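**Student:** The structure follows.
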Amino acid sequence: MLDESIQELEAGSLARIARAQSPEELEAVRVEVLGRKGGALAQVSKDMGKLAPEERARIGKLLNGAKQKLEDALAAKKGQFDEADLRARLDGEWIDLTLPAPGPRRGHLHPITRIQRELEDLFVSLGFTVLDGPEVETEYYNFDALNIPADHPARDMQDTFWLDGGNLLRTHTSPVQVRGMERLGPPLRMIAPGRAFRNESVDASHEHTFYQLEGMMIDREVSVAHLLYFMKTLLTAIFHREATVRLRPGYFPFVEPGFELDIQCLICGGAGCPVCKQSGWVELLPCGLVNPQVLRLSGIDPGAWNGFAFGLGLTRLAMMRYAIDDIRHLQGGDLRFLEQF
Ligand code: PHE
């Protein structure tokens with residue numbers, strides 16, 4: 001009787017071990033068959049007490065043999081599961097060291113910087129020198145030398161950030177004209193890109209800090225035709241097509257005659273939007289022939305020399321070229337915005 005049930009138990013358990021699909025299933029079989037308390041083999045050995053001594057020894061051997069076989073089978077099967085598990089992990093976690101690495105996230109030039117550099121290249125190719133000037137200026141260079149004396153109403157055209165001690169944040173890049181004339185003298189072809197500052201309330205088309213690109217050419221017989229030629233060359237280079245422009249008389253004390261060169265708004269195509277203040281046109285390029293008084297103040301003889309000057313709104317130009325409808329985006333520092341360019 002006992003012989004048979006031991007053999008049956010052994011054979012049945014071996015089959016279940018062989019069939020087990022997971023370590024959990026295997027463990028369940030182990031507990032059920034070999035468990036110290038309540039395991040099937042433990043159950044059988046309980047009945048051994050009733051047996052005669054030699055019979056007990058024989059059955060004991062049988063039981064031990066069965067137990068050993070089952071333990072071996074369990075261990076072997078467990079080994080299989082462990083190995084499969086390891087192989088799956090090695091497969092899943094391997095790394096191809098020859099794959100190109102993703103690398104650090106690269107930045108790129110700001111859209112205004114890009115346009116500034118393009119224009120620098122263009123003007124250098126036309127024989128212009130690129131000059132730099134201080135952002136903190138004296139009243140003389142920002143105003144007086146440009147024919148805007150202290151009592152001149154034109155001072156109110158530009159809301160100025162005054163600094164302690166009488167200096168100011170330059171309200172335009174025009175003071176670099178004066179520095180260029182003083183240092184280099186005529187004939188002169190120069191541009192001066194840089195920041196300018198005005199004490200204005202900020203909205204979609206006004207910032208307290210913005211970029212301009214000043215330009216000046218002084219030679220023997222410079223005319224409005226020269227001025228227009230350079231302005232058109234500049235706009236075509238930036239927009240890669242002929243932009244629609246219009247010329248209006250414009251007043252700036254340092255040019256005479258003075259003009260406002262407007263460009264048809266490329267954001268709305270002239271229909272009207274916040275950037276062009278619903279007018280369809282954007283003021284982009286104030287310019288004119290250099291006022292003789294300005295030449296004289298910088299020690300240049302207006303009888304022998306004349307010239308043109310312009311003050312391109314670099315920030316506005318960037319907005320037109322990239323169809324940016326709010327000036328505040330440009331210096332906002334939001335990478336989600338900048339990454340689009
Ligand atoms: N400096 C002027 C401004 O910012 C622009 C300008 C420059 C006009 C050169 C004429 C000639 O308003």
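Lettering and numbering for the structure tokens are positional, with chains as A, B, ... in the shown order, residues counted from 1 in each chain, and ligands counted from 1 in the shown order.
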Show me, as an NGL selection string, the residues that have an atom within 10 Å of segment 329-339 of chain A when counting only C-alpha atoms, minus same-chain residues fewer than 2 positions from it.

**Tutor:** :A and (107-112 or 204 or 207 or 209-210 or 315 or 318-319 or 324-327 or 341)

**Student:** Could you give me, as a ChimeraX atom specification, every polymer residue with an atom at most 8 Å away from an atom of ligand 1, counting only C-alpha atoms and all ligand atoms?

**Tutor:** /A:158,171-174,212,214-216,252,254-255,258-260,285-290,308-313

**Student:** Going by DSSP on the backbone, which bits of segment 50-248 of chain A are strand (DSSP E or B)? Write them as a PyMOL selection string, please.

**Tutor:** chain A and resi 129-130+136-137+162+168-169+188-197+203+206+209-219+245-248

**Student:** Write out as a list of chain:residue names each polymer residue whose atoms come within 9 Å of Leu131 of chain A, counting only C-alpha atoms; drop sequence neighbours fewer than 3 positions from it.

**Tutor:**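 Final neighbour list, sorted by chain and number: A:Val176, A:Gly180, A:Met190, A:Ile191, A:Ala192, A:Pro193.
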
**Student:** Hey, can you spit out that residue selection with N, CA and C atoms as an mmCIF file, in the first residue's frame?

**Tutor:**
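Output contents, as saved in out-v5.cif:
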data_model
loop_
_atom_site.group_PDB
_atom_site.id
_atom_site.type_symbol
_atom_site.label_atom_id
_atom_site.label_comp_id
_atom_site.auth_asym_id
_atom_site.auth_seq_id
_atom_site.Cartn_x
_atom_site.Cartn_y
_atom_site.Cartn_z
ATOM 1 N N VAL A 176 27.250 106.219 -32.272
ATOM 2 C CA VAL A 176 28.425 105.562 -32.868
ATOM 3 C C VAL A 176 28.810 106.221 -34.203
ATOM 4 N N GLY A 180 32.504 107.291 -34.895
ATOM 5 C CA GLY A 180 33.145 106.845 -36.140
ATOM 6 C C GLY A 180 33.743 108.013 -36.909
ATOM 7 N N MET A 190 30.565 102.978 -42.533
ATOM 8 C CA MET A 190 30.529 102.212 -41.281
ATOM 9 C C MET A 190 29.122 101.739 -40.952
ATOM 10 N N ILE A 191 29.068 100.617 -40.252
ATOM 11 C CA ILE A 191 27.819 100.219 -39.616
ATOM 12 C C ILE A 191 28.121 99.977 -38.145
ATOM 13 N N ALA A 192 27.068 100.066 -37.321
ATOM 14 C CA ALA A 192 27.239 99.854 -35.882
ATOM 15 C C ALA A 192 25.994 99.166 -35.339
ATOM 16 N N PRO A 193 26.038 97.843 -35.239
ATOM 17 C CA PRO A 193 24.902 97.127 -34.656
ATOM 18 C C PRO A 193 24.983 97.183 -33.137
#

**Student:** Of the candidates A:Pro253, A:Val202, A:Lys77, A:Ile218, which shows the shortest atom-to-atom distance to Ala154 of chain A, using only C-alpha atoms?

**Tutor:**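 Under the stated criterion, the closest residue is A:Pro253.
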
**Student:** Skip Phe81 of chain A itself and residues of its chain fewer than 2 positions away, then list as a VMD selection string all residues within 12 Å of it, counting only C-alpha atoms.

**Tutor:** chain A and resid 17 to 18 20 to 27 74 to 79 83 to 88

**Student:** Could you give me, as a ChimeraX atom specification, the residues within 10 Å of Arg220 of chain A, counting only C-alpha atoms and dropping anything in the same chain fewer than 6 positions from it?

**Tutor:** /A:186-187,302-307

**Student:** Based on the selection just made, write C-alpha atoms of those residues as a CSV table (one decimal), in the first residue's frame.

**Tutor:**
chain,number,residue,atom,x,y,z
A,186,PRO,CA,36.1,110.9,-44.2
A,187,PRO,CA,35.6,109.1,-46.5
A,302,PRO,CA,30.4,120.0,-45.1
A,303,GLY,CA,31.5,122.0,-48.1
A,304,ALA,CA,33.8,119.1,-49.2
A,305,TRP,CA,31.9,116.0,-47.9
A,306,ASN,CA,28.4,114.8,-47.5
A,307,GLY,CA,26.8,111.5,-46.7

**Student:** Could you work out how far atom CA of Arg105 of chain A lies from atom CA of Arg328 of chain A, giving the answer in Å with one decimal?

**Tutor:**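 Separating atom CA of Arg328 of chain A from atom CA of Arg105 of chain A is a distance of 24.9 Å.
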
**Student:** Kindly indicate which residue among A:Lys277, A:Arg246, A:Arg16, A:Arg195 lies nearest to Glu32 of chain A, using only C-alpha atoms for the distances.

**Tutor:**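 Using only C-alpha atoms, the shortest distance to Glu32 of chain A belongs to A:Arg16.
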
**Student:** Give me the residues within 12 Å of Gly39 of chain A as a ChimeraX atom specification, counting only C-alpha atoms and dropping any in the same chain fewer than 3 places off.

**Tutor:** /A:9,13,28-36,42-46,67

**Student:** Distance atom CA of Leu41 of chain A-atom CA of Asp72 of chain A, one decimal place?

**Tutor:**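 That distance, rounded to one decimal, is 15.3 Å.
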
**Student:** Skip segment 1-6 of chain A itself and residues of its chain fewer than 4 positions away, then list as a ChimeraX atom specification all residues within 8 Å of it, counting only C-alpha atoms.

**Tutor:** /A:10,41,44,59,62-63,66

**Student:** For a quick check of understanding, using only C-alpha atoms, which of A:Ala323, A:Leu297, A:Val222, A:Met181 has the smallest distance to Phe143 of chain A?

**Tutor:** A:Leu297

**Student:** Please compute the atom CA of Gly250 of chain A-atom CA of Val275 of chain A distance, one decimal, in Å.

**Tutor:**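 That distance, rounded to one decimal, is 20.2 Å.
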
**Student:** So which one's closest to Gly127 of chain A, A:Arg296, A:Lys61, A:Arg189, A:Arg170? Using only C-alpha atoms, please.

**Tutor:**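 So, comparing all the options, the nearest one is A:Arg189.
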